[in-house]
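Here is query08.txt, consisting of compact mmCIF, N, CA and C atoms:
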```
# COMPACT_ATOMS: atom_id res chain seq x y z
N MET R 1 86.68 -115.07 24.45
CA MET R 1 85.79 -113.96 24.65
C MET R 1 86.59 -112.78 25.19
N PRO R 2 86.40 -111.60 24.60
CA PRO R 2 87.18 -110.46 25.05
C PRO R 2 86.75 -110.00 26.44
N THR R 3 87.70 -109.54 27.17
CA THR R 3 87.41 -108.98 28.49
C THR R 3 87.08 -107.50 28.36
N PRO R 4 86.41 -106.92 29.34
CA PRO R 4 86.05 -105.51 29.24
C PRO R 4 87.26 -104.58 29.15
N THR R 5 88.42 -105.01 29.61
CA THR R 5 89.58 -104.12 29.58
C THR R 5 90.45 -104.32 28.34
N SER R 6 90.13 -105.30 27.50
CA SER R 6 90.97 -105.57 26.34
C SER R 6 90.73 -104.60 25.18
N GLY R 7 89.63 -103.82 25.21
CA GLY R 7 89.36 -102.86 24.15
C GLY R 7 88.81 -103.50 22.89
N GLN R 8 88.34 -104.73 22.96
CA GLN R 8 87.83 -105.42 21.79
C GLN R 8 86.33 -105.67 21.86
N GLY R 9 85.65 -105.12 22.84
CA GLY R 9 84.22 -105.32 22.99
C GLY R 9 83.43 -104.49 21.99
N PRO R 10 82.12 -104.71 21.94
CA PRO R 10 81.30 -103.97 20.98
C PRO R 10 81.25 -102.47 21.25
N TRP R 11 81.23 -102.08 22.53
CA TRP R 11 81.16 -100.65 22.83
C TRP R 11 82.44 -99.94 22.43
N GLU R 12 83.57 -100.60 22.59
CA GLU R 12 84.83 -100.00 22.18
C GLU R 12 84.91 -99.86 20.66
N SER R 13 84.36 -100.85 19.96
CA SER R 13 84.35 -100.77 18.49
C SER R 13 83.44 -99.66 18.01
N LEU R 14 82.30 -99.50 18.67
CA LEU R 14 81.40 -98.40 18.30
C LEU R 14 82.02 -97.04 18.62
N ALA R 15 82.74 -96.97 19.73
CA ALA R 15 83.43 -95.73 20.07
C ALA R 15 84.56 -95.45 19.08
N ALA R 16 85.23 -96.50 18.62
CA ALA R 16 86.30 -96.33 17.64
C ALA R 16 85.76 -95.83 16.30
N LEU R 17 84.51 -96.14 16.01
CA LEU R 17 83.91 -95.68 14.77
C LEU R 17 83.80 -94.16 14.74
N LEU R 18 83.64 -93.57 15.89
CA LEU R 18 83.55 -92.11 15.97
C LEU R 18 84.91 -91.42 15.98
N ASP R 19 85.97 -92.18 16.21
CA ASP R 19 87.32 -91.62 16.31
C ASP R 19 88.07 -91.85 15.00
N PRO R 20 88.36 -90.79 14.23
CA PRO R 20 89.06 -90.98 12.96
C PRO R 20 90.48 -91.50 13.11
N LYS R 21 91.06 -91.40 14.30
CA LYS R 21 92.43 -91.86 14.51
C LYS R 21 92.49 -93.27 15.07
N ALA R 22 91.35 -93.92 15.25
CA ALA R 22 91.31 -95.29 15.79
C ALA R 22 91.80 -96.27 14.72
N PRO R 23 92.21 -97.47 15.14
CA PRO R 23 92.63 -98.48 14.16
C PRO R 23 91.50 -98.83 13.20
N LEU R 24 91.88 -99.07 11.96
CA LEU R 24 90.90 -99.33 10.91
C LEU R 24 90.07 -100.57 11.19
N THR R 25 90.68 -101.62 11.74
CA THR R 25 89.92 -102.84 12.01
C THR R 25 88.83 -102.60 13.06
N SER R 26 89.13 -101.78 14.05
CA SER R 26 88.11 -101.46 15.07
C SER R 26 86.99 -100.62 14.47
N ARG R 27 87.35 -99.70 13.60
CA ARG R 27 86.33 -98.86 12.97
C ARG R 27 85.43 -99.68 12.05
N LEU R 28 86.02 -100.61 11.29
CA LEU R 28 85.21 -101.46 10.42
C LEU R 28 84.30 -102.37 11.24
N ARG R 29 84.82 -102.90 12.34
CA ARG R 29 83.99 -103.75 13.20
C ARG R 29 82.84 -102.94 13.80
N GLY R 30 83.11 -101.70 14.19
CA GLY R 30 82.06 -100.84 14.72
C GLY R 30 80.99 -100.54 13.67
N LEU R 31 81.41 -100.31 12.43
CA LEU R 31 80.45 -100.06 11.36
C LEU R 31 79.59 -101.29 11.10
N ARG R 32 80.20 -102.45 11.13
CA ARG R 32 79.44 -103.69 10.93
C ARG R 32 78.47 -103.94 12.07
N LEU R 33 78.88 -103.64 13.29
CA LEU R 33 77.96 -103.78 14.43
C LEU R 33 76.78 -102.82 14.30
N TYR R 34 77.07 -101.59 13.93
CA TYR R 34 76.03 -100.58 13.77
C TYR R 34 75.05 -100.97 12.67
N ALA R 35 75.57 -101.36 11.52
CA ALA R 35 74.71 -101.73 10.40
C ALA R 35 73.92 -103.00 10.72
N GLY R 36 74.56 -103.97 11.34
CA GLY R 36 73.85 -105.19 11.70
C GLY R 36 72.75 -104.94 12.71
N PHE R 37 73.01 -104.07 13.69
CA PHE R 37 71.97 -103.72 14.65
C PHE R 37 70.79 -103.05 13.97
N LEU R 38 71.07 -102.10 13.07
CA LEU R 38 69.97 -101.44 12.35
C LEU R 38 69.18 -102.43 11.52
N LEU R 39 69.86 -103.34 10.87
CA LEU R 39 69.18 -104.33 10.04
C LEU R 39 68.30 -105.24 10.89
N LEU R 40 68.81 -105.72 12.02
CA LEU R 40 68.01 -106.58 12.90
C LEU R 40 66.83 -105.84 13.51
N LEU R 41 67.05 -104.61 13.95
CA LEU R 41 65.99 -103.83 14.56
C LEU R 41 64.87 -103.55 13.56
N GLN R 42 65.24 -103.10 12.39
CA GLN R 42 64.21 -102.75 11.42
C GLN R 42 63.59 -103.98 10.77
N GLY R 43 64.37 -105.03 10.61
CA GLY R 43 63.80 -106.28 10.11
C GLY R 43 62.80 -106.86 11.09
N GLY R 44 63.11 -106.79 12.38
CA GLY R 44 62.15 -107.25 13.39
C GLY R 44 60.89 -106.41 13.39
N ALA R 45 61.04 -105.11 13.24
CA ALA R 45 59.87 -104.23 13.18
C ALA R 45 59.02 -104.55 11.95
N LEU R 46 59.66 -104.86 10.83
CA LEU R 46 58.90 -105.23 9.62
C LEU R 46 58.16 -106.54 9.82
N LEU R 47 58.78 -107.49 10.52
CA LEU R 47 58.08 -108.75 10.81
C LEU R 47 56.85 -108.51 11.67
N LEU R 48 56.95 -107.63 12.65
CA LEU R 48 55.77 -107.31 13.46
C LEU R 48 54.71 -106.57 12.65
N LEU R 49 55.15 -105.65 11.81
CA LEU R 49 54.20 -104.90 10.99
C LEU R 49 53.51 -105.77 9.94
N ALA R 50 54.15 -106.87 9.56
CA ALA R 50 53.53 -107.76 8.57
C ALA R 50 52.21 -108.32 9.08
N TRP R 51 52.07 -108.43 10.38
CA TRP R 51 50.83 -108.94 10.96
C TRP R 51 49.79 -107.85 11.13
N LEU R 52 50.22 -106.59 11.17
CA LEU R 52 49.31 -105.50 11.50
C LEU R 52 48.86 -104.65 10.32
N LEU R 53 49.71 -104.47 9.34
CA LEU R 53 49.37 -103.57 8.23
C LEU R 53 48.35 -104.20 7.29
N PRO R 54 47.33 -103.45 6.92
CA PRO R 54 46.38 -103.97 5.93
C PRO R 54 46.98 -103.86 4.53
N ARG R 55 46.48 -104.61 3.63
CA ARG R 55 46.92 -104.53 2.24
C ARG R 55 46.17 -103.39 1.56
N ALA R 56 46.89 -102.55 0.84
CA ALA R 56 46.29 -101.38 0.21
C ALA R 56 46.93 -101.18 -1.15
N ALA R 57 46.45 -101.88 -2.14
CA ALA R 57 47.05 -101.82 -3.48
C ALA R 57 46.47 -100.63 -4.25
N HIS R 58 47.05 -99.48 -4.04
CA HIS R 58 46.63 -98.27 -4.74
C HIS R 58 47.78 -97.81 -5.64
N PRO R 59 47.48 -97.39 -6.87
CA PRO R 59 48.57 -97.00 -7.78
C PRO R 59 49.41 -95.84 -7.27
N PHE R 60 48.82 -94.92 -6.53
CA PHE R 60 49.60 -93.79 -6.02
C PHE R 60 50.59 -94.23 -4.95
N LEU R 61 50.32 -95.34 -4.28
CA LEU R 61 51.28 -95.85 -3.30
C LEU R 61 52.55 -96.33 -3.99
N TRP R 62 52.41 -96.88 -5.18
CA TRP R 62 53.60 -97.28 -5.94
C TRP R 62 54.44 -96.06 -6.28
N ALA R 63 53.78 -94.99 -6.72
CA ALA R 63 54.51 -93.77 -7.06
C ALA R 63 55.17 -93.17 -5.82
N LEU R 64 54.46 -93.17 -4.68
CA LEU R 64 55.03 -92.67 -3.44
C LEU R 64 56.23 -93.52 -3.00
N ALA R 65 56.11 -94.83 -3.12
CA ALA R 65 57.20 -95.72 -2.73
C ALA R 65 58.44 -95.49 -3.59
N LEU R 66 58.24 -95.39 -4.89
CA LEU R 66 59.39 -95.19 -5.77
C LEU R 66 60.01 -93.81 -5.59
N ALA R 67 59.18 -92.78 -5.44
CA ALA R 67 59.73 -91.43 -5.24
C ALA R 67 60.46 -91.34 -3.90
N GLY R 68 59.89 -91.89 -2.85
CA GLY R 68 60.55 -91.86 -1.55
C GLY R 68 61.82 -92.69 -1.54
N GLY R 69 61.81 -93.82 -2.22
CA GLY R 69 63.00 -94.66 -2.31
C GLY R 69 64.13 -93.97 -3.05
N VAL R 70 63.79 -93.32 -4.16
CA VAL R 70 64.81 -92.59 -4.92
C VAL R 70 65.37 -91.44 -4.10
N TRP R 71 64.51 -90.74 -3.37
CA TRP R 71 64.96 -89.63 -2.55
C TRP R 71 65.90 -90.11 -1.43
N LEU R 72 65.52 -91.18 -0.73
CA LEU R 72 66.38 -91.70 0.34
C LEU R 72 67.71 -92.22 -0.21
N PHE R 73 67.67 -92.88 -1.37
CA PHE R 73 68.90 -93.36 -1.98
C PHE R 73 69.81 -92.20 -2.36
N ALA R 74 69.22 -91.14 -2.91
CA ALA R 74 70.01 -89.96 -3.27
C ALA R 74 70.61 -89.29 -2.04
N GLN R 75 69.86 -89.27 -0.94
CA GLN R 75 70.39 -88.71 0.30
C GLN R 75 71.57 -89.53 0.83
N ALA R 76 71.45 -90.85 0.76
CA ALA R 76 72.54 -91.72 1.21
C ALA R 76 73.78 -91.54 0.33
N GLU R 77 73.59 -91.41 -0.96
CA GLU R 77 74.72 -91.18 -1.87
C GLU R 77 75.38 -89.83 -1.60
N ALA R 78 74.57 -88.80 -1.37
CA ALA R 78 75.12 -87.48 -1.08
C ALA R 78 75.88 -87.49 0.25
N ALA R 79 75.37 -88.22 1.23
CA ALA R 79 76.06 -88.31 2.51
C ALA R 79 77.38 -89.04 2.37
N SER R 80 77.43 -90.02 1.49
CA SER R 80 78.68 -90.77 1.33
C SER R 80 79.73 -89.98 0.58
N ARG R 81 79.35 -88.91 -0.08
CA ARG R 81 80.31 -88.10 -0.83
C ARG R 81 80.88 -86.94 0.00
N THR R 82 80.37 -86.74 1.20
CA THR R 82 80.88 -85.65 2.02
C THR R 82 82.21 -86.05 2.64
N GLU R 83 82.92 -85.07 3.11
CA GLU R 83 84.23 -85.30 3.71
C GLU R 83 84.18 -85.33 5.23
N GLU R 84 83.00 -85.46 5.80
CA GLU R 84 82.85 -85.48 7.25
C GLU R 84 83.29 -86.82 7.81
N SER R 85 83.65 -86.83 9.08
CA SER R 85 84.08 -88.08 9.71
C SER R 85 82.90 -88.99 10.01
N LEU R 86 81.70 -88.44 10.08
CA LEU R 86 80.51 -89.24 10.35
C LEU R 86 79.79 -89.67 9.07
N ALA R 87 80.39 -89.46 7.92
CA ALA R 87 79.75 -89.83 6.66
C ALA R 87 79.40 -91.32 6.58
N PRO R 88 80.26 -92.24 7.03
CA PRO R 88 79.86 -93.65 6.97
C PRO R 88 78.63 -93.97 7.81
N LEU R 89 78.54 -93.37 8.99
CA LEU R 89 77.37 -93.60 9.85
C LEU R 89 76.11 -93.06 9.20
N LEU R 90 76.20 -91.88 8.64
CA LEU R 90 75.05 -91.27 8.01
C LEU R 90 74.60 -92.06 6.79
N ALA R 91 75.53 -92.52 5.98
CA ALA R 91 75.18 -93.29 4.80
C ALA R 91 74.51 -94.61 5.17
N VAL R 92 75.03 -95.30 6.18
CA VAL R 92 74.41 -96.56 6.61
C VAL R 92 73.03 -96.30 7.21
N GLY R 93 72.91 -95.24 7.99
CA GLY R 93 71.62 -94.90 8.57
C GLY R 93 70.56 -94.59 7.53
N LEU R 94 70.95 -93.85 6.51
CA LEU R 94 70.00 -93.55 5.44
C LEU R 94 69.70 -94.79 4.60
N GLY R 95 70.67 -95.68 4.44
CA GLY R 95 70.40 -96.95 3.77
C GLY R 95 69.42 -97.81 4.55
N ALA R 96 69.54 -97.79 5.88
CA ALA R 96 68.60 -98.53 6.72
C ALA R 96 67.21 -97.89 6.64
N ALA R 97 67.14 -96.58 6.57
CA ALA R 97 65.85 -95.90 6.40
C ALA R 97 65.22 -96.29 5.07
N LEU R 98 66.04 -96.41 4.03
CA LEU R 98 65.54 -96.85 2.73
C LEU R 98 64.96 -98.26 2.82
N PHE R 99 65.68 -99.16 3.50
CA PHE R 99 65.20 -100.52 3.68
C PHE R 99 63.86 -100.55 4.42
N PHE R 100 63.76 -99.78 5.50
CA PHE R 100 62.53 -99.79 6.28
C PHE R 100 61.37 -99.16 5.52
N PHE R 101 61.62 -98.03 4.87
CA PHE R 101 60.55 -97.36 4.12
C PHE R 101 60.01 -98.25 3.00
N LEU R 102 60.93 -98.80 2.20
CA LEU R 102 60.47 -99.66 1.12
C LEU R 102 59.88 -100.97 1.65
N GLY R 103 60.35 -101.41 2.81
CA GLY R 103 59.76 -102.59 3.42
C GLY R 103 58.32 -102.36 3.85
N VAL R 104 58.04 -101.22 4.47
CA VAL R 104 56.67 -100.89 4.87
C VAL R 104 55.79 -100.72 3.64
N MET R 105 56.30 -100.02 2.65
CA MET R 105 55.51 -99.86 1.43
C MET R 105 55.28 -101.22 0.74
N GLY R 106 56.28 -102.07 0.80
CA GLY R 106 56.13 -103.40 0.24
C GLY R 106 55.08 -104.22 0.97
N LEU R 107 54.98 -104.06 2.28
CA LEU R 107 53.94 -104.76 3.03
C LEU R 107 52.56 -104.23 2.68
N LEU R 108 52.46 -102.94 2.46
CA LEU R 108 51.16 -102.38 2.05
C LEU R 108 50.75 -102.87 0.67
N LEU R 109 51.69 -103.01 -0.22
CA LEU R 109 51.40 -103.38 -1.61
C LEU R 109 51.63 -104.86 -1.88
N TRP R 110 51.50 -105.67 -0.87
CA TRP R 110 51.74 -107.11 -0.98
C TRP R 110 50.81 -107.72 -2.01
N PRO R 111 51.13 -108.66 -2.82
CA PRO R 111 52.30 -109.51 -2.91
C PRO R 111 53.39 -108.94 -3.83
N TRP R 112 53.02 -108.04 -4.76
CA TRP R 112 54.04 -107.50 -5.67
C TRP R 112 54.96 -106.53 -4.94
N GLY R 113 54.54 -106.05 -3.81
CA GLY R 113 55.37 -105.15 -3.02
C GLY R 113 56.60 -105.81 -2.44
N PHE R 114 56.66 -107.14 -2.48
CA PHE R 114 57.86 -107.84 -2.02
C PHE R 114 59.08 -107.38 -2.83
N LEU R 115 58.85 -106.99 -4.07
CA LEU R 115 59.95 -106.47 -4.88
C LEU R 115 60.51 -105.18 -4.29
N LEU R 116 59.64 -104.38 -3.68
CA LEU R 116 60.11 -103.16 -3.02
C LEU R 116 60.98 -103.50 -1.81
N LEU R 117 60.59 -104.53 -1.08
CA LEU R 117 61.40 -104.96 0.07
C LEU R 117 62.78 -105.41 -0.40
N LEU R 118 62.83 -106.15 -1.49
CA LEU R 118 64.13 -106.57 -2.03
C LEU R 118 64.94 -105.38 -2.53
N LEU R 119 64.28 -104.44 -3.14
CA LEU R 119 64.96 -103.23 -3.61
C LEU R 119 65.53 -102.44 -2.44
N GLY R 120 64.79 -102.36 -1.34
CA GLY R 120 65.28 -101.69 -0.14
C GLY R 120 66.47 -102.41 0.46
N ALA R 121 66.44 -103.74 0.45
CA ALA R 121 67.58 -104.52 0.97
C ALA R 121 68.81 -104.30 0.10
N LEU R 122 68.63 -104.22 -1.20
CA LEU R 122 69.77 -103.94 -2.09
C LEU R 122 70.33 -102.54 -1.86
N GLY R 123 69.46 -101.56 -1.65
CA GLY R 123 69.92 -100.21 -1.36
C GLY R 123 70.68 -100.14 -0.04
N PHE R 124 70.21 -100.88 0.97
CA PHE R 124 70.92 -100.93 2.24
C PHE R 124 72.28 -101.58 2.08
N ALA R 125 72.35 -102.68 1.34
CA ALA R 125 73.63 -103.35 1.12
C ALA R 125 74.60 -102.44 0.38
N HIS R 126 74.09 -101.69 -0.59
CA HIS R 126 74.94 -100.77 -1.34
C HIS R 126 75.50 -99.67 -0.43
N SER R 127 74.63 -99.09 0.41
CA SER R 127 75.12 -98.02 1.29
C SER R 127 76.08 -98.57 2.34
N TRP R 128 75.88 -99.79 2.79
CA TRP R 128 76.79 -100.42 3.74
C TRP R 128 78.15 -100.63 3.09
N ARG R 129 78.16 -101.15 1.88
CA ARG R 129 79.43 -101.37 1.15
C ARG R 129 80.12 -100.04 0.86
N ARG R 130 79.34 -99.06 0.51
CA ARG R 130 79.90 -97.73 0.23
C ARG R 130 80.53 -97.13 1.49
N SER R 131 79.89 -97.34 2.63
CA SER R 131 80.43 -96.83 3.90
C SER R 131 81.73 -97.52 4.27
N GLU R 132 81.82 -98.82 4.00
CA GLU R 132 83.07 -99.51 4.26
C GLU R 132 84.18 -98.98 3.35
N ARG R 133 83.83 -98.66 2.12
CA ARG R 133 84.82 -98.08 1.20
C ARG R 133 85.25 -96.70 1.68
N ILE R 134 84.35 -95.94 2.30
CA ILE R 134 84.73 -94.63 2.85
C ILE R 134 85.77 -94.83 3.95
N LEU R 135 85.52 -95.78 4.84
CA LEU R 135 86.46 -96.02 5.93
C LEU R 135 87.81 -96.50 5.41
N LEU R 136 87.79 -97.28 4.34
CA LEU R 136 89.04 -97.77 3.78
C LEU R 136 89.76 -96.74 2.93
N GLY R 137 89.09 -95.62 2.66
CA GLY R 137 89.71 -94.56 1.89
C GLY R 137 89.65 -94.78 0.40
N ARG R 138 88.72 -95.60 -0.05
CA ARG R 138 88.60 -95.89 -1.49
C ARG R 138 87.27 -95.41 -2.03
N ASN R 139 86.84 -94.24 -1.66
CA ASN R 139 85.54 -93.70 -2.07
C ASN R 139 85.74 -92.79 -3.28
N LYS R 140 86.06 -93.37 -4.40
CA LYS R 140 86.33 -92.57 -5.61
C LYS R 140 85.10 -92.45 -6.50
N ALA R 141 84.25 -93.47 -6.55
CA ALA R 141 83.10 -93.42 -7.46
C ALA R 141 81.80 -93.52 -6.75
```

As a first step, turn the structure in this file into structure tokens.
Amino acid sequence: MPTPTSGQGPWESLAALLDPKAPLTSRLRGLRLYAGFLLLLQGGALLLLAWLLPRAAHPFLWALALAGGVWLFAQAEAASRTEESLAPLLAVGLGAALFFFLGVMGLLLWPWGFLLLLLGALGFAHSWRRSERILLGRNKA
């Protein structure tokens, strides 16, 4: 187990994520901690909302879910193409927002809305992978 002075704790990894001159392994670990925290937090919120949200199968909700999902995905892609040092954080954050938004819409449109939840999880995984590629310097496509 790392000691607080060894520089290998979670807070040091998260701080290294903000520092472009930090070692790459620390920055990748910080990104994984950040993305994992967002996934656990929003997944837990979706589990709680599953008990509270009523089912509302309206055709316009499908259109709203798809339009909002496409918009959030486009925002995450645009954020990943910027040259800013915080681009990986922004892309992962928008991917997590995509997961949560489509997850809530999927709960409203249950049982077929489960496909929206899966689509949101795929979008989050894509933005997470894209963010890791940004940190590794291989963000060509």

For this session: Identify which of the residues R:Leu90, R:Ala79, R:Ala96, R:Leu136 lies closest to Phe37 (chain R), counting only C-alpha atoms when measuring atom-to-atom distances.
Result: R:Ala96

At a cut-off of 7 Å, can you tabulate as CSV every residue of region 92-123 of chain R near region 64-73 of chain R together with its closest atom pair and the distance in Å to one decimal, using only N, CA and C atoms and ordering rows by chain then number?
```
residue,atom,partner,partner_atom,distance
R:Leu94,C,R:Leu72,C,5.8
R:Gly95,N,R:Leu72,C,6.5
R:Ala97,C,R:Leu72,CA,6.7
R:Leu98,CA,R:Leu72,CA,5.7
R:Phe101,C,R:Ala65,CA,6.9
R:Leu102,CA,R:Ala65,CA,6.4
R:Met105,CA,R:Ala65,CA,6.1
R:Gly123,CA,R:Phe73,CA,7.0
```

For this session: Quick one: pull the distance between atom C of Pro59 (chain R) and CA of Gly103 (chain R), Å, one decimal.
Result: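 Separation of atom C of Pro59 (chain R) and CA of Gly103 (chain R): 16.3 Å.
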
Taking all atoms of region 80-86 of chain R that the file lists and extending 3 Å past them on each side, where is the centre of the axis-aligned box and how long are its edges? Answer in Å to one decimal, as JSON.
```
{"center_x": 80.8, "center_y": -87.9, "center_z": 4.8, "size_x": 12.8, "size_y": 11.7, "size_z": 17.2}
```

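For the choices R:Leu41, R:Leu108, R:Leu17, R:Leu118, the atom-to-atom distance to Leu61 (chain R) is smallest for R:Leu108 when using only C-alpha atoms.
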
For this session: Name the residues in contact with Pro111 (chain R) at a cut-off of 10 Å, using only C-alpha atoms, excluding same-chain residues fewer than 4 positions from it; report them as a list of chain:residue names.
Result: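 After dropping sequence-adjacent residues, the list is R:Arg55, R:Ala57, R:Gly106, R:Leu107, R:Leu115.
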
Exercise. Can you list every residue in region 24-85 of chain R that DSSP puts in alpha helix (DSSP H), as JSON, numbers by chain?
Worked result: {"R": [24, 25, 26, 27, 28, 29, 30, 31, 32, 33, 34, 35, 36, 37, 38, 39, 40, 41, 42, 43, 44, 45, 46, 47, 48, 49, 50, 51, 52, 59, 60, 61, 62, 63, 64, 65, 66, 67, 68, 69, 70, 71, 72, 73, 74, 75, 76, 77, 78, 79, 80]}
